[in-house]
Structure formats: C-alpha cells, structure tokens
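What follows is entry_5.tsv (TSV, C-alpha atoms).
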chain	number	residue	atom	x	y	z
A	1	MET	CA	-15.13	-15.11	6.75
A	2	ASP	CA	-18.22	-15.91	8.83
A	3	THR	CA	-18.43	-19.33	7.15
A	4	GLU	CA	-14.86	-20.38	8.02
A	5	THR	CA	-14.78	-23.58	10.06
A	6	LEU	CA	-13.09	-23.35	13.47
A	7	ALA	CA	-12.16	-26.06	15.95
A	8	ILE	CA	-14.20	-25.60	19.13
A	9	TYR	CA	-12.95	-26.28	22.66
A	10	ASN	CA	-14.34	-26.37	26.17
A	11	GLN	CA	-12.86	-24.20	28.91
A	12	ALA	CA	-10.36	-26.96	29.75
A	13	LYS	CA	-8.99	-26.65	26.18
A	14	GLN	CA	-10.39	-30.03	25.11
A	15	LYS	CA	-11.65	-30.15	21.55
A	16	VAL	CA	-15.39	-30.74	21.46
A	17	GLY	CA	-16.29	-30.17	17.81
A	18	THR	CA	-16.35	-27.58	15.04
A	19	ALA	CA	-18.44	-24.55	14.16
A	20	THR	CA	-18.45	-21.67	11.74
A	21	ARG	CA	-16.81	-18.46	12.86
A	22	LYS	CA	-20.24	-16.79	12.90
A	23	THR	CA	-21.71	-19.47	15.18
A	24	ALA	CA	-18.67	-19.40	17.48
A	25	HIS	CA	-19.07	-15.66	17.98
A	26	GLU	CA	-22.83	-15.81	18.43
A	27	LYS	CA	-22.72	-18.60	21.03
A	28	GLY	CA	-19.47	-17.74	22.79
A	29	LEU	CA	-17.65	-20.93	21.78
A	30	TRP	CA	-13.93	-21.22	22.58
A	31	HIS	CA	-11.61	-21.28	19.55
A	32	GLU	CA	-7.95	-20.63	18.71
A	33	THR	CA	-6.38	-17.44	17.38
A	34	PHE	CA	-2.92	-16.10	16.53
A	35	HIS	CA	-1.63	-12.82	18.00
A	36	CYS	CA	1.59	-11.08	17.02
A	37	TRP	CA	2.81	-7.98	18.85
A	38	ILE	CA	5.65	-6.14	17.12
A	39	VAL	CA	8.09	-4.41	19.47
A	40	ASP	CA	10.99	-2.20	18.44
A	41	ASP	CA	13.67	-2.74	21.06
A	42	SER	CA	16.54	-1.42	18.95
A	43	GLN	CA	16.88	1.69	21.11
A	44	THR	CA	17.01	2.33	24.86
A	45	GLU	CA	13.24	3.00	24.91
A	46	PRO	CA	11.29	0.07	23.38
A	47	TYR	CA	8.17	0.86	21.36
A	48	ILE	CA	5.16	-1.33	20.66
A	49	TYR	CA	3.21	-1.12	17.40
A	50	LEU	CA	-0.59	-1.07	17.32
A	51	GLN	CA	-2.82	-1.38	14.29
A	52	ARG	CA	-5.89	0.76	13.77
A	53	ARG	CA	-8.81	-1.34	12.63
A	54	SER	CA	-10.69	-0.29	9.52
A	55	ALA	CA	-13.78	1.86	9.96
A	56	HIS	CA	-15.62	-0.74	7.87
A	57	LYS	CA	-15.02	-3.62	10.30
A	58	LYS	CA	-18.18	-5.10	11.79
A	59	ASP	CA	-16.54	-5.45	15.20
A	60	PHE	CA	-14.56	-2.71	16.91
A	61	PRO	CA	-14.21	-0.34	13.91
A	62	SER	CA	-11.51	2.36	14.09
A	63	LEU	CA	-10.13	1.13	17.43
A	64	PHE	CA	-6.49	0.27	18.05
A	65	ASP	CA	-5.53	-3.35	18.57
A	66	ILE	CA	-2.85	-6.06	18.54
A	67	THR	CA	-0.29	-5.43	15.79
A	68	ALA	CA	-1.60	-8.38	13.76
A	69	ALA	CA	-4.02	-11.15	14.69
A	70	GLY	CA	-6.44	-13.64	13.21
A	71	HIS	CA	-8.38	-16.84	13.67
A	72	LEU	CA	-6.91	-20.31	13.19
A	73	LEU	CA	-9.08	-22.61	11.12
A	74	GLU	CA	-9.77	-26.24	11.97
A	75	GLY	CA	-6.61	-28.28	11.48
A	76	GLU	CA	-4.27	-25.29	11.50
A	77	THR	CA	-1.38	-24.76	13.87
A	78	ALA	CA	-0.07	-21.55	15.40
A	79	GLU	CA	2.58	-21.42	12.67
A	80	ASP	CA	-0.15	-21.03	10.06
A	81	GLY	CA	-1.17	-17.82	11.78
A	82	ILE	CA	1.93	-16.00	10.52
A	83	ARG	CA	-0.06	-15.32	7.33
A	84	GLU	CA	-1.97	-12.64	9.26
A	85	VAL	CA	1.14	-10.44	9.45
A	86	LYS	CA	1.63	-10.61	5.69
A	87	GLU	CA	-2.05	-10.16	4.86
A	88	GLU	CA	-2.77	-7.31	7.26
A	89	LEU	CA	0.55	-5.43	7.31
A	90	GLY	CA	2.25	-6.43	4.06
A	91	ILE	CA	5.51	-7.49	5.69
A	92	ASP	CA	7.21	-10.89	5.67
A	93	ILE	CA	8.24	-12.29	9.04
A	94	PRO	CA	9.81	-15.74	9.49
A	95	PHE	CA	7.88	-17.69	12.09
A	96	ALA	CA	11.19	-18.84	13.57
A	97	ASP	CA	11.99	-15.22	14.49
A	98	LEU	CA	8.98	-14.90	16.80
A	99	ASP	CA	9.22	-15.19	20.59
A	100	PHE	CA	6.40	-17.25	22.08
A	101	LEU	CA	4.77	-15.72	25.16
A	102	GLY	CA	2.10	-18.35	25.77
A	103	GLN	CA	-1.50	-19.15	24.96
A	104	PHE	CA	-3.74	-16.66	26.74
A	105	ARG	CA	-7.49	-16.44	27.15
A	106	CYS	CA	-8.76	-13.38	25.31
A	107	MET	CA	-12.38	-12.22	25.50
A	108	PRO	CA	-12.93	-8.77	23.95
A	109	LYS	CA	-16.30	-7.35	24.92
A	110	HIS	CA	-18.89	-6.45	22.30
A	111	ARG	CA	-22.64	-6.15	22.55
A	112	ASP	CA	-23.32	-8.65	19.74
A	113	ILE	CA	-20.17	-10.78	19.65
A	114	TYR	CA	-18.85	-13.29	22.19
A	115	ASP	CA	-15.29	-13.80	20.96
A	116	TYR	CA	-13.80	-16.39	23.33
A	117	GLU	CA	-10.23	-17.02	22.21
A	118	PHE	CA	-7.35	-19.26	23.17
A	119	ALA	CA	-4.74	-16.92	21.70
A	120	PHE	CA	-1.29	-18.17	20.70
A	121	THR	CA	0.64	-15.02	21.55
A	122	TYR	CA	3.97	-14.02	20.01
A	123	VAL	CA	6.34	-11.06	19.90
A	124	TYR	CA	8.44	-9.99	16.92
A	125	ARG	CA	11.27	-7.73	18.03
A	126	GLN	CA	12.33	-5.49	15.18
A	127	HIS	CA	12.46	-1.86	14.10
A	128	ILE	CA	10.10	-1.44	11.13
A	129	PRO	CA	9.87	1.97	9.42
A	130	PHE	CA	6.27	3.01	8.84
A	131	GLU	CA	6.83	3.23	5.07
A	132	GLN	CA	7.39	-0.54	4.96
A	133	PHE	CA	3.83	-1.30	6.02
A	134	ARG	CA	1.41	-2.12	3.20
A	135	LEU	CA	-1.96	-2.30	4.92
A	136	GLN	CA	-4.88	-4.51	3.94
A	137	GLU	CA	-7.43	-1.79	3.23
A	138	GLU	CA	-10.55	-3.70	4.30
A	139	GLU	CA	-8.96	-4.74	7.60
A	140	VAL	CA	-6.45	-2.11	8.75
A	141	ALA	CA	-6.61	1.70	8.55
A	142	GLY	CA	-3.40	2.76	10.23
A	143	MET	CA	-0.36	1.95	12.29
A	144	VAL	CA	1.03	3.70	15.35
A	145	ARG	CA	3.71	3.04	17.89
A	146	VAL	CA	3.78	3.98	21.57
A	147	PRO	CA	6.52	3.72	24.20
A	148	PHE	CA	6.21	0.27	25.72
A	149	SER	CA	6.68	1.62	29.24
A	150	ALA	CA	3.72	3.96	28.69
A	151	PHE	CA	1.62	1.14	27.22
A	152	TYR	CA	2.44	-0.97	30.28
A	153	GLN	CA	1.27	1.81	32.60
A	154	LEU	CA	-1.91	2.30	30.57
A	155	CYS	CA	-2.74	-1.40	30.89
A	156	PHE	CA	-2.39	-1.17	34.67
A	157	GLY	CA	-4.27	2.12	34.97
A	158	THR	CA	-1.38	4.09	36.43
A	159	VAL	CA	-1.74	6.60	33.57
A	160	LYS	CA	-4.93	7.60	31.77
A	161	ALA	CA	-3.47	8.57	28.40
A	162	ILE	CA	-0.28	8.04	26.41
A	163	GLU	CA	1.27	9.62	23.31
A	164	SER	CA	1.19	7.78	19.99
A	165	ASP	CA	2.65	8.51	16.59
A	166	GLY	CA	2.24	6.90	13.21
A	167	PHE	CA	-0.15	7.19	10.30
A	168	VAL	CA	-3.71	6.52	9.23
A	169	GLU	CA	-4.93	5.74	5.73
A	170	GLU	CA	-8.01	6.96	3.92
A	171	GLY	CA	-8.14	5.07	0.68
A	172	LYS	CA	-4.55	5.15	-0.55
A	173	ILE	CA	-3.77	8.46	1.12
A	174	ARG	CA	-1.67	8.42	4.29
A	175	ARG	CA	-1.60	11.21	6.81
A	176	PRO	CA	0.38	11.51	10.03
A	177	TYR	CA	-1.32	10.51	13.26
A	178	CYS	CA	-0.03	11.89	16.55
A	179	GLU	CA	-2.71	11.73	19.21
A	180	ARG	CA	-3.10	10.92	22.88
A	181	MET	CA	-4.52	7.46	23.41
A	182	THR	CA	-6.64	6.11	26.27
A	183	LEU	CA	-8.03	2.65	26.98
A	184	ASN	CA	-11.21	3.81	25.26
A	185	ASP	CA	-9.24	3.99	22.01
A	186	LEU	CA	-8.29	0.31	22.26
A	187	VAL	CA	-10.38	-2.75	21.45
A	188	PRO	CA	-12.11	-3.55	24.77
A	189	HIS	CA	-10.04	-6.57	25.76
A	190	GLN	CA	-10.30	-7.57	29.38
A	191	GLN	CA	-7.82	-5.50	31.33
A	192	ARG	CA	-6.37	-8.67	32.88
A	193	PHE	CA	-5.51	-9.91	29.38
A	194	LEU	CA	-3.72	-6.67	28.50
A	195	GLN	CA	-1.85	-6.79	31.80
A	196	LEU	CA	-0.74	-10.37	31.20
A	197	VAL	CA	0.54	-9.45	27.74
A	198	ALA	CA	2.35	-6.38	29.09
A	199	ILE	CA	3.99	-8.37	31.90
A	200	SER	CA	5.09	-11.12	29.50
A	201	ILE	CA	6.60	-8.67	27.01
A	202	ASP	CA	8.33	-6.79	29.82
A	203	GLN	CA	9.90	-10.01	31.08
A	204	LEU	CA	11.02	-10.93	27.58
A	205	LEU	CA	12.68	-7.56	27.03
A	206	LYS	CA	14.44	-7.67	30.39
A	207	ASN	CA	15.72	-11.22	29.94
A	208	GLU	CA	17.05	-10.90	26.40
A	209	LYS	CA	19.40	-8.47	24.72
A	210	PRO	CA	18.02	-6.17	21.99
A	211	ARG	CA	18.31	-7.46	18.46
As structure tokens, please, write out the structure in this file.
Amino acid sequence: MDTETLAIYNQAKQKVGTATRKTAHEKGLWHETFHCWIVDDSQTEPYIYLQRRSAHKKDFPSLFDITAAGHLLEGETAEDGIREVKEELGIDIPFADLDFLGQFRCMPKHRDIYDYEFAFTYVYRQHIPFEQFRLQEEEVAGMVRVPFSAFYQLCFGTVKAIESDGFVEEGKIRRPYCERMTLNDLVPHQQRFLQLVAISIDQLLKNEKPR
C-alpha cells in the first residue's frame, strides 16, 4: 500500500504532481480520499456506525473511525472509492445511493504520519444488521453504532462519553462490545473536522425523510 501512487495537490486544491502514499504521509502532501459514514435513520433515533481499526494497523490501531474510508489513487474519481465499503465491511452499496456532504480537509494527528486529506465525504442511510458485516481482518476489527445525537454532542464536547454497542472480532470469533466511548477512543481527527461532519449529517437528516 505504501507504494501506491497518489495525485498530489497544493492547499488551493491544484494538482502539482504525484507521489507514493508513503512519501505523501512522510512529507505531509495533500491527496484525495473517500469517506463513507453509514447512518441508520430508520427509527426515531438515528444511529451512526463506526469501525474499529485492526490492532495490526500501523496508524491508529484499535481506535474507532469513519465507517469506511480509503485513499484515491492517481486518476481515480470519488466513485472509485466505493470499493472501500465492500473491501472493509463486506457489503455492497450502490454509489448512486450515497448522499454527498462535500469535500472536507481531514488531518488526523500522528507522531510519524502527516495525513493531509481532501476527503470526498458521503453518507449512506440504511439499517444494516451487524451480522451482515464481513470485515476485512487485516484492516477492521469490529463495528459499533452510537446514537447520532450523542455522537454530535461528543464532537462538540458537550458530553465526555457516550454509549456504544456492536461487536469486535478476534480472528474469526466475534464477541459483543458494549462500552462507553470518549474522544480518546476515536482516531485523533481535528475536532473541527468531526464537528463539520456532524453538522452536515445533522442537516441532511433534518432536510430529508428517513428511508
């Protein structure tokens, strides 16, 4: 994966060249990614799904993150990013069923990695039973859902912890996961990024009827 070729941009989103993924992360070069947040708005209380990253990941192991996400290679479009949902979660989602929120700047903090992303950000609104997820073992180690209203408050710091429920996997064995979650349990995205995502999802849910 470190040798994948990415298109590189300046801060004004003008393409300035290419680089390997490894070089982009070492030098803090801007590149494009695909983010998909899955939200279950089939009931009165919407829930948002979060993936738990594998303990074997080089960056941010065992932390909770965007439902599915990945890098776009040089020449790819946002639509190509839908593969990440299938690869990581084992579920098929038509790209046409996604709601586009926008392209946001995302800069998770890590001591050795400077991951400067222009993230094409989408929402898929659907109830998905946990048993339908088939996780990519080397990438994802679990799936939880949390009330969206609680997630929103966590992003803005009005609550310190929220309840989650779901499952984690160890090898092929699944066990229930029901723990309180704080911001320290999430990948350390900039809080402004999380707030922008939360606001955008909230507006989407308020402006459109549940599916």
Quiz item: Looking at A:Ile173, A:Val123, A:Met107, A:Ala69, which one is nearest to Gly81 in chain A, with distances taken over only C-alpha atoms?
Solution: A:Ala69
Quiz prompt | Counting only C-alpha atoms, the residue of A:Gln132, A:Gly142, A:Cys178, A:Ala198 that sits nearest Cys155 in chain A | solution =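 Among the listed residues, the smallest separation from Cys155 in chain A belongs to A:Ala198.
The protein and nucleic acid residues lying at most 8 Å from Ile66 in chain A are A:His35, A:Cys36, A:Trp37, A:Tyr49, A:Leu50, A:Gln51, with only C-alpha atoms considered and sequence neighbours fewer than 5 positions away removed.
If you look at CA of Glu87 in chain A and CA of Ala141 in chain A, they are 13.2 Å away from each other.
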Exercise. Please provide the set of residues having any atom within 9 Å of Leu73 in chain A, restricted to only C-alpha atoms, with same-chain residues fewer than 2 positions apart removed, written as a list in words.
Key: Glu4, Thr5, Leu6, Ala7, Arg21, His31, Glu32, Thr33, His71, Gly75, Glu76 and Thr77 of chain A
Output the selection as a PDB file, keeping the file's coordinate frame - C-alpha atoms for each residue.
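Output file out-v3.pdb follows:
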ATOM      1  CA  GLU A   4     -14.860 -20.380   8.020  1.00  0.00           C
ATOM      2  CA  THR A   5     -14.780 -23.580  10.060  1.00  0.00           C
ATOM      3  CA  LEU A   6     -13.090 -23.350  13.470  1.00  0.00           C
ATOM      4  CA  ALA A   7     -12.160 -26.060  15.950  1.00  0.00           C
ATOM      5  CA  ARG A  21     -16.810 -18.460  12.860  1.00  0.00           C
ATOM      6  CA  HIS A  31     -11.610 -21.280  19.550  1.00  0.00           C
ATOM      7  CA  GLU A  32      -7.950 -20.630  18.710  1.00  0.00           C
ATOM      8  CA  THR A  33      -6.380 -17.440  17.380  1.00  0.00           C
ATOM      9  CA  HIS A  71      -8.380 -16.840  13.670  1.00  0.00           C
ATOM     10  CA  GLY A  75      -6.610 -28.280  11.480  1.00  0.00           C
ATOM     11  CA  GLU A  76      -4.270 -25.290  11.500  1.00  0.00           C
ATOM     12  CA  THR A  77      -1.380 -24.760  13.870  1.00  0.00           C
TER      13      THR A  77
END
Exercise. Measure the distance from CA of Ala19 in chain A to CA of Val197 in chain A in Å and round it to one decimal.
Key: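 Interatomic distance here is 27.8 Å.
Take CA of Phe100 in chain A and CA of Glu139 in chain A: the distance between them is 24.5 Å.
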Quiz prompt | Top pick for closest residue to Lys86 in chain A, considering A:Val16, A:Leu194, A:Leu135, A:Gly166 and counting all atoms listed in the file | solution =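 The answer is A:Leu135, which sits nearest to Lys86 in chain A.
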